[in-house]
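Visitor: Dropping in structure22.cif, with mmCIF, C-alpha atoms and all ligand atoms.
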```cif
data_run
loop_
_atom_site.label_atom_id
_atom_site.label_comp_id
_atom_site.auth_asym_id
_atom_site.auth_seq_id
_atom_site.Cartn_x
_atom_site.Cartn_y
_atom_site.Cartn_z
CA MET C 116 -4.78 34.45 215.55
CA ALA C 117 -1.70 35.27 217.66
CA ALA C 118 1.35 33.23 216.72
CA HIS C 119 2.77 30.92 219.37
CA TYR C 120 6.46 30.78 220.17
CA LEU C 121 6.39 27.15 219.07
CA SER C 122 3.59 25.74 216.92
CA VAL C 123 3.04 22.14 216.04
CA GLU C 124 0.54 22.29 213.21
CA GLN C 125 -1.48 19.32 212.02
CA VAL C 126 1.47 16.95 212.32
CA GLU C 127 0.97 13.41 211.08
CA MET C 128 3.47 10.59 211.06
CA THR C 129 3.22 7.37 209.15
CA PHE C 130 6.04 4.83 209.08
CA GLU C 131 6.48 2.39 206.21
CA THR C 132 8.38 -0.74 207.15
CA LYS C 133 8.65 -3.93 205.10
CA GLY C 134 5.50 -3.15 203.18
CA ALA C 135 3.50 -2.39 206.35
CA THR C 136 2.20 1.11 206.96
CA THR C 137 1.69 2.38 210.52
CA ASN C 138 0.09 5.70 211.24
CA VAL C 139 1.62 6.74 214.56
CA LEU C 140 0.53 10.36 215.01
CA LYS C 141 -2.71 11.90 213.77
CA GLU C 142 -3.52 15.62 213.53
CA ILE C 143 -1.25 16.80 216.31
CA SER C 144 -1.59 20.55 216.87
CA LEU C 145 -0.12 22.34 219.84
CA GLY C 146 0.89 25.91 220.62
CA VAL C 147 3.62 26.49 223.19
CA GLU C 148 4.43 29.88 224.68
CA ARG C 149 7.88 31.16 225.51
CA GLY C 150 8.97 30.02 228.97
CA GLU C 151 6.32 27.31 229.23
CA TYR C 152 7.08 23.88 230.67
CA ILE C 153 5.09 21.24 228.80
CA SER C 154 5.02 17.54 229.59
CA ILE C 155 3.89 14.90 227.13
CA ILE C 156 2.50 11.77 228.70
CA GLY C 157 0.92 8.67 227.19
CA HIS C 158 1.27 4.91 227.20
CA SER C 159 4.36 3.20 225.88
CA GLY C 160 4.57 3.16 222.10
CA CYS C 161 1.93 5.84 221.48
CA GLY C 162 4.38 8.14 219.70
CA LYS C 163 5.83 10.53 222.29
CA SER C 164 9.44 10.19 221.16
CA THR C 165 8.37 10.41 217.54
CA LEU C 166 6.67 13.73 218.28
CA LEU C 167 9.70 15.04 220.17
CA ASN C 168 12.01 13.96 217.36
CA ILE C 169 9.83 15.79 214.84
CA ILE C 170 10.06 18.96 216.97
CA ALA C 171 13.83 18.42 217.25
CA GLY C 172 14.05 18.11 213.46
CA LEU C 173 15.54 14.61 213.77
CA THR C 174 12.52 13.00 212.10
CA GLU C 175 10.61 14.48 209.20
CA SER C 176 6.85 14.33 209.66
CA THR C 177 4.70 12.86 206.91
CA SER C 178 2.64 16.04 206.85
CA GLY C 179 2.10 19.17 208.91
CA ALA C 180 4.69 21.61 210.20
CA VAL C 181 6.62 22.75 213.26
CA ILE C 182 7.24 26.49 213.49
CA LEU C 183 9.66 27.83 216.11
CA ASP C 184 9.91 31.57 216.62
CA GLY C 185 8.57 32.21 213.13
CA LYS C 186 10.81 29.70 211.34
CA GLU C 187 9.86 26.27 210.05
CA VAL C 188 11.82 23.40 211.57
CA ASN C 189 13.14 20.97 208.97
CA ALA C 190 16.50 19.84 210.37
CA PRO C 191 18.17 19.59 213.76
CA GLY C 192 19.56 22.91 214.96
CA PRO C 193 21.20 24.53 217.98
CA ASP C 194 17.96 26.34 218.81
CA ARG C 195 16.54 22.96 219.95
CA SER C 196 18.70 20.85 222.20
CA VAL C 197 17.69 17.38 223.26
CA VAL C 198 18.49 15.43 226.43
CA PHE C 199 17.84 11.71 226.09
CA GLN C 200 17.18 9.16 228.83
CA ASN C 201 20.46 7.41 228.20
CA HIS C 202 23.02 10.10 228.62
CA SER C 203 24.61 10.59 225.27
CA LEU C 204 27.97 11.92 226.42
CA LEU C 205 31.04 11.07 224.41
CA PRO C 206 32.88 8.53 226.60
CA TRP C 207 36.41 9.51 225.54
CA LEU C 208 35.91 13.16 226.49
CA THR C 209 35.94 14.68 229.98
CA VAL C 210 32.93 16.40 231.51
CA TYR C 211 34.43 19.77 230.56
CA GLU C 212 35.21 18.64 227.00
CA ASN C 213 31.73 17.22 226.46
CA VAL C 214 30.23 20.65 227.16
CA SER C 215 32.99 22.51 225.34
CA LEU C 216 32.24 20.61 222.15
CA ALA C 217 28.73 22.08 222.07
CA VAL C 218 29.83 25.54 223.21
CA ASN C 219 32.69 25.82 220.72
CA LYS C 220 30.42 24.82 217.89
CA THR C 221 27.53 27.09 218.87
CA PHE C 222 29.54 30.17 219.82
CA ALA C 223 32.61 29.80 217.57
CA ARG C 224 32.10 33.30 216.21
CA SER C 225 30.11 35.13 218.87
CA LYS C 226 32.21 34.38 221.99
CA SER C 227 35.95 34.66 222.53
CA LYS C 228 37.97 31.69 223.79
CA THR C 229 37.94 33.08 227.33
CA GLU C 230 34.22 33.80 227.19
CA ARG C 231 33.55 30.25 225.98
CA HIS C 232 35.68 28.82 228.79
CA GLU C 233 33.75 30.83 231.37
CA TRP C 234 30.45 29.86 229.79
CA ILE C 235 31.34 26.15 230.01
CA LEU C 236 32.25 26.55 233.69
CA LYS C 237 29.07 28.52 234.40
CA ASN C 238 26.83 25.86 232.87
CA LEU C 239 28.56 23.05 234.71
CA GLU C 240 28.33 25.03 237.93
CA MET C 241 24.59 25.51 237.37
CA VAL C 242 24.07 21.74 237.51
CA GLY C 243 26.52 21.24 240.39
CA MET C 244 29.25 19.54 238.39
CA SER C 245 32.16 21.93 238.91
CA HIS C 246 33.91 19.34 241.05
CA ALA C 247 34.22 16.79 238.22
CA LEU C 248 35.45 18.79 235.23
CA ASN C 249 38.23 16.36 234.35
CA LYS C 250 36.35 13.13 234.93
CA ARG C 251 35.25 10.94 232.05
CA PRO C 252 31.63 9.66 231.82
CA ALA C 253 32.66 6.18 233.02
CA GLU C 254 33.95 7.73 236.26
CA ILE C 255 30.71 9.47 237.28
CA SER C 256 27.24 8.24 238.30
CA GLY C 257 24.15 8.08 236.06
CA GLY C 258 22.66 11.13 237.77
CA MET C 259 25.87 13.08 237.22
CA LYS C 260 25.92 12.09 233.55
CA GLN C 261 22.40 13.44 233.19
CA ARG C 262 23.49 16.68 234.87
CA VAL C 263 26.29 17.05 232.34
CA GLY C 264 23.83 16.29 229.53
CA ILE C 265 21.55 19.04 230.84
CA ALA C 266 24.48 21.47 231.16
CA ARG C 267 25.51 20.68 227.60
CA ALA C 268 21.97 21.24 226.33
CA LEU C 269 21.57 24.50 228.26
CA SER C 270 24.99 25.78 227.22
CA MET C 271 23.72 26.08 223.66
CA GLU C 272 21.07 28.57 224.85
CA PRO C 273 18.38 26.74 222.91
CA LYS C 274 15.02 28.31 222.21
CA VAL C 275 13.47 25.03 223.28
CA LEU C 276 14.89 22.37 225.55
CA LEU C 277 13.59 18.93 224.60
CA LEU C 278 13.79 16.29 227.33
CA ASP C 279 13.06 12.67 226.40
CA GLU C 280 12.45 10.93 229.73
CA PRO C 281 15.53 12.63 231.17
CA PHE C 282 15.19 11.05 234.61
CA GLY C 283 13.77 7.71 233.50
CA ALA C 284 16.87 5.63 234.23
CA LEU C 285 17.60 7.13 237.65
CA ASP C 286 16.75 5.92 241.15
CA ALA C 287 13.93 7.74 242.94
CA LEU C 288 16.12 9.97 245.11
CA THR C 289 18.47 11.07 242.33
CA ARG C 290 15.44 11.63 240.19
CA ALA C 291 13.82 13.90 242.79
CA HIS C 292 17.07 15.78 243.17
CA LEU C 293 17.38 16.41 239.46
CA GLN C 294 13.74 17.45 239.17
CA GLU C 295 14.45 20.12 241.80
CA GLU C 296 17.50 21.27 239.85
CA VAL C 297 15.56 21.53 236.61
CA MET C 298 12.79 23.51 238.34
CA ARG C 299 15.36 25.89 239.84
CA ILE C 300 17.16 26.36 236.52
CA GLN C 301 13.93 26.92 234.64
CA ASP C 302 12.90 29.46 237.24
CA GLU C 303 16.22 31.24 236.79
CA LEU C 304 16.52 31.11 233.00
CA GLY C 305 12.89 30.94 231.89
CA ASN C 306 13.55 28.13 229.40
CA THR C 307 10.85 26.79 227.16
CA VAL C 308 10.78 23.06 227.85
CA ILE C 309 9.02 20.07 226.33
CA MET C 310 9.52 16.90 228.34
CA ILE C 311 8.38 13.35 227.78
CA THR C 312 7.66 11.42 230.94
CA HIS C 313 5.86 8.31 232.18
CA ASP C 314 5.76 9.66 235.71
CA VAL C 315 2.49 11.35 236.68
CA ASP C 316 3.93 13.08 239.76
CA GLU C 317 6.87 14.39 237.79
CA ALA C 318 4.54 15.76 235.12
CA VAL C 319 2.35 17.58 237.65
CA LEU C 320 5.25 18.88 239.72
CA LEU C 321 7.22 20.33 236.82
CA SER C 322 4.70 21.39 234.20
CA ASP C 323 2.57 24.37 233.29
CA ARG C 324 0.58 22.09 231.00
CA ILE C 325 0.36 18.35 230.51
CA VAL C 326 -0.40 17.09 227.03
CA MET C 327 -1.94 13.62 227.15
CA LEU C 328 -1.71 11.44 224.06
CA THR C 329 -4.26 8.76 223.27
CA ASN C 330 -3.14 5.21 222.61
CA GLY C 331 -1.71 4.48 219.21
CA PRO C 332 -1.89 3.74 216.40
CA SER C 333 -3.00 7.14 215.15
CA ALA C 334 -2.40 8.79 218.53
CA ARG C 335 -3.95 12.21 219.00
CA ILE C 336 -3.87 14.77 221.75
CA GLY C 337 -6.61 13.46 224.03
CA GLU C 338 -6.57 16.14 226.72
CA VAL C 339 -4.46 19.08 227.80
CA LEU C 340 -4.38 19.86 231.51
CA ASN C 341 -3.38 23.29 232.84
CA ILE C 342 -1.40 23.00 236.06
CA ASP C 343 -2.28 26.12 237.95
CA LEU C 344 0.06 25.78 240.94
CA PRO C 345 2.25 28.65 242.13
CA ARG C 346 6.04 28.40 241.76
CA PRO C 347 8.43 27.65 243.30
CA ARG C 348 6.83 24.30 243.97
CA ASN C 349 7.67 22.12 246.90
CA ARG C 350 6.96 18.41 246.54
CA ILE C 351 6.44 17.87 250.27
CA ALA C 352 3.97 20.71 250.65
CA LEU C 353 2.18 19.65 247.47
CA ALA C 354 1.68 16.08 248.67
CA ASP C 355 -1.22 17.35 250.82
CA ASP C 356 -2.44 19.99 248.39
CA ALA C 357 -5.98 19.38 247.13
CA LYS C 358 -5.36 21.00 243.75
CA TYR C 359 -2.16 19.00 243.19
CA ASN C 360 -3.95 15.78 244.01
CA HIS C 361 -6.83 16.72 241.75
CA TYR C 362 -4.40 17.20 238.81
CA ARG C 363 -2.74 13.89 239.60
CA GLN C 364 -6.12 12.16 239.59
CA GLU C 365 -7.01 13.75 236.26
CA VAL C 366 -3.88 12.36 234.60
CA LEU C 367 -4.30 8.96 236.22
CA ARG C 368 -7.92 8.85 235.12
CA PHE C 369 -6.92 9.65 231.54
CA LEU C 370 -4.21 6.98 231.48
CA TYR C 371 -5.91 4.19 233.39
CA GLU C 372 -9.60 4.70 232.66
CA LYS C 373 -10.09 6.65 229.46
CA GLN C 374 -6.98 5.35 227.68
CA ARG C 375 -6.50 2.07 229.47
CA LYS C 376 -3.81 0.12 227.66
CA VAL C 377 -5.42 -3.03 226.34
CA GLU C 378 -2.93 -5.86 226.13
CA SER C 379 -2.63 -7.48 222.77
CA LEU C 380 -3.70 -11.12 222.55
CA ALA C 381 -0.05 -12.15 222.12
CA GLU C 382 1.02 -10.27 225.27
CA HIS C 383 -1.88 -11.82 227.17
CA ARG C 384 -0.95 -15.35 226.08
CA GLU C 385 2.66 -14.69 226.97
CA LYS C 386 1.65 -13.67 230.51
CA ALA C 387 -0.68 -16.61 230.91
CA ALA C 388 1.93 -19.15 229.80
CA PRO C 389 5.36 -17.67 230.40
CA ILE C 390 6.98 -21.12 230.30
CA SER C 391 6.32 -21.39 226.58
CA SER C 392 8.53 -18.39 225.93
CA ALA C 393 11.23 -19.83 228.16
CA LYS C 394 11.01 -23.03 226.13
CA LYS C 395 11.20 -21.02 222.93
CA ALA C 396 14.31 -19.31 224.20
CA HIS C 397 15.96 -22.67 224.75
CA ALA C 398 14.76 -24.17 221.50
N1 LIG C 401 11.86 4.70 212.60
C1 LIG C 401 10.75 4.01 212.80
N2 LIG C 401 10.30 3.13 211.88
C2 LIG C 401 9.18 2.43 212.06
N3 LIG C 401 8.39 2.52 213.16
C3 LIG C 401 8.78 3.37 214.10
C4 LIG C 401 9.99 4.16 214.00
N4 LIG C 401 10.10 4.92 215.11
C5 LIG C 401 9.05 4.62 215.89
N5 LIG C 401 8.26 3.70 215.30
C6 LIG C 401 7.01 3.16 215.83
O1 LIG C 401 6.20 4.25 216.20
C7 LIG C 401 5.47 3.95 217.37
C8 LIG C 401 5.72 5.02 218.42
O2 LIG C 401 7.05 4.94 218.87
P1 LIG C 401 7.64 5.99 219.93
O3 LIG C 401 9.01 5.55 220.26
O4 LIG C 401 7.47 7.35 219.40
O5 LIG C 401 6.66 5.77 221.16
P2 LIG C 401 6.79 6.28 222.66
O6 LIG C 401 5.44 6.73 223.07
O7 LIG C 401 7.90 7.25 222.77
O8 LIG C 401 7.17 4.92 223.41
P3 LIG C 401 7.91 4.68 224.80
O9 LIG C 401 7.09 5.37 225.83
O10 LIG C 401 7.87 3.19 224.97
O11 LIG C 401 9.29 5.24 224.69
C9 LIG C 401 5.90 2.56 217.81
O12 LIG C 401 4.95 1.64 217.35
C10 LIG C 401 7.21 2.36 217.10
O13 LIG C 401 7.43 1.02 216.83
#
```
Mind turning this structure into structure tokens?
Guide:
Amino acid sequence: MAAHYLSVEQVEMTFETKGATTNVLKEISLGVERGEYISIIGHSGCGKSTLLNIIAGLTESTSGAVILDGKEVNAPGPDRSVVFQNHSLLPWLTVYENVSLAVNKTFARSKSKTERHEWILKNLEMVGMSHALNKRPAEISGGMKQRVGIARALSMEPKVLLLDEPFGALDALTRAHLQEEVMRIQDELGNTVIMITHDVDEAVLLSDRIVMLTNGPSARIGEVLNIDLPRPRNRIALADDAKYNHYRQEVLRFLYEKQRKVESLAEHREKAAPISSAKKAHA
């Protein structure tokens, strides 16, 4: 069997909290090739972030293994950089300094001071942030913060870029803009990307494959959809494309027919009698 660039092998995750045991992920196996763009989609709470954190080495799985480029992942490392939904820039540092922190750490030995400086500028230029090098996070918009987060992640030249709903907190236009940027950058650099999203259109537009998780507990990979659409992709042209719409339908069908999220009794009661919760809040 040929080895994959990244292999998730029989990963299981069980959390123990206050005596309760919850099995979140069950027998997750996935092979990712170099340069592939994978999206993970599934209903809220099914375990997407848990899976991404295991790949990142931030969470240790209960069993199974993650192998990246022949090496087992068991701690966070610069070969896997993560971009979270809520931009995790350090607020007291400028845009330039936020990226330089990662670059200086990653390339302390392999790049000279001048090379590191140029590398920081190049990565910020790639995401269109050269104009705001000396601004602090509080002085730039949410979309700009995400751009800096992406520049910081890319500047480490990771083997895998892990995106946890990177555009989730942005308005639709900014979101579309950043999706275009990420597609262009991936086209240019050939990054291997794993992205969590709730957005079906985003998943189809950006991905080579969409991994669909079943509802938890004990979420599994329900289906994997190959997105066989030529690149570069254009969202306007694709809106009328039969194949694009077929893929969209497939994901929607999985989420809303095969894995329809059944509300818990408590959630149902809450919706039926919202006043009771308002009363509770005032009690
Ligand atoms: N550290 C933890 N301890 C206990 N339970 C946890 C922990 N982390 C996650 N969980 C539980 O694991 C399940 C999956 O959580 P996770 O955040 O991975 O889901 P998700 O699919 O990313 O959700 P969302 O789409 O809402 O972000 C949830 O039931 C959550 O409560």
Visitor: Could you give me the residues within 9 Å of ligand LIG 401 (chain C), counting all atoms listed in the file, as a PyMOL selection string?
Guide: chain C and resi 128-132+136-140+156-168+174+279-280+311-313+328+330-332+334
Visitor: Report, in Å with one decimal, the straight-line distance from CA of Pro206 in chain C to CA of Ile255 in chain C.
Guide: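 Distance reported for this atom pair: 10.9 Å.
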Visitor: Measuring between all atoms listed in the file, which one of C:Ile155, C:Leu277, C:Leu269, C:Arg149 shows the shortest distance to Glu317 in chain C?
Guide: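 Looking only at the distances to Glu317 in chain C, the closest residue turns out to be C:Ile155.
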Visitor: For each of C:Glu303, C:Glu338, C:Asp194, C:Asp184, take the minimum atom-to-atom distance to Glu365 in chain C, counting all atoms listed in the file, then give the residue where this is smallest.
Guide: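 Nearest to Glu365 in chain C: C:Glu338.
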Visitor: One number please: CA of Gln125 in chain C to CA of Glu151 in chain C, in Å, one decimal.
Guide: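 It comes out at 20.5 Å.
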Visitor: Write out as a ChimeraX atom specification which residues come within 10 Å of Glu124 in chain C when counting all atoms listed in the file, dropping same-chain ones fewer than 6 positions away.
Guide: /C:142-146,178-182
Visitor: For CA of Phe369 in chain C and CA of Ala352 in chain C, quote the distance in Å rounded to one decimal.
Guide: 24.6 Å
Visitor: Restricting the calculation to only C-alpha atoms, which member of C:Leu370, C:Leu285, C:Val326, C:Met259 is positioned closest to Leu239 in chain C?
Guide: C:Met259
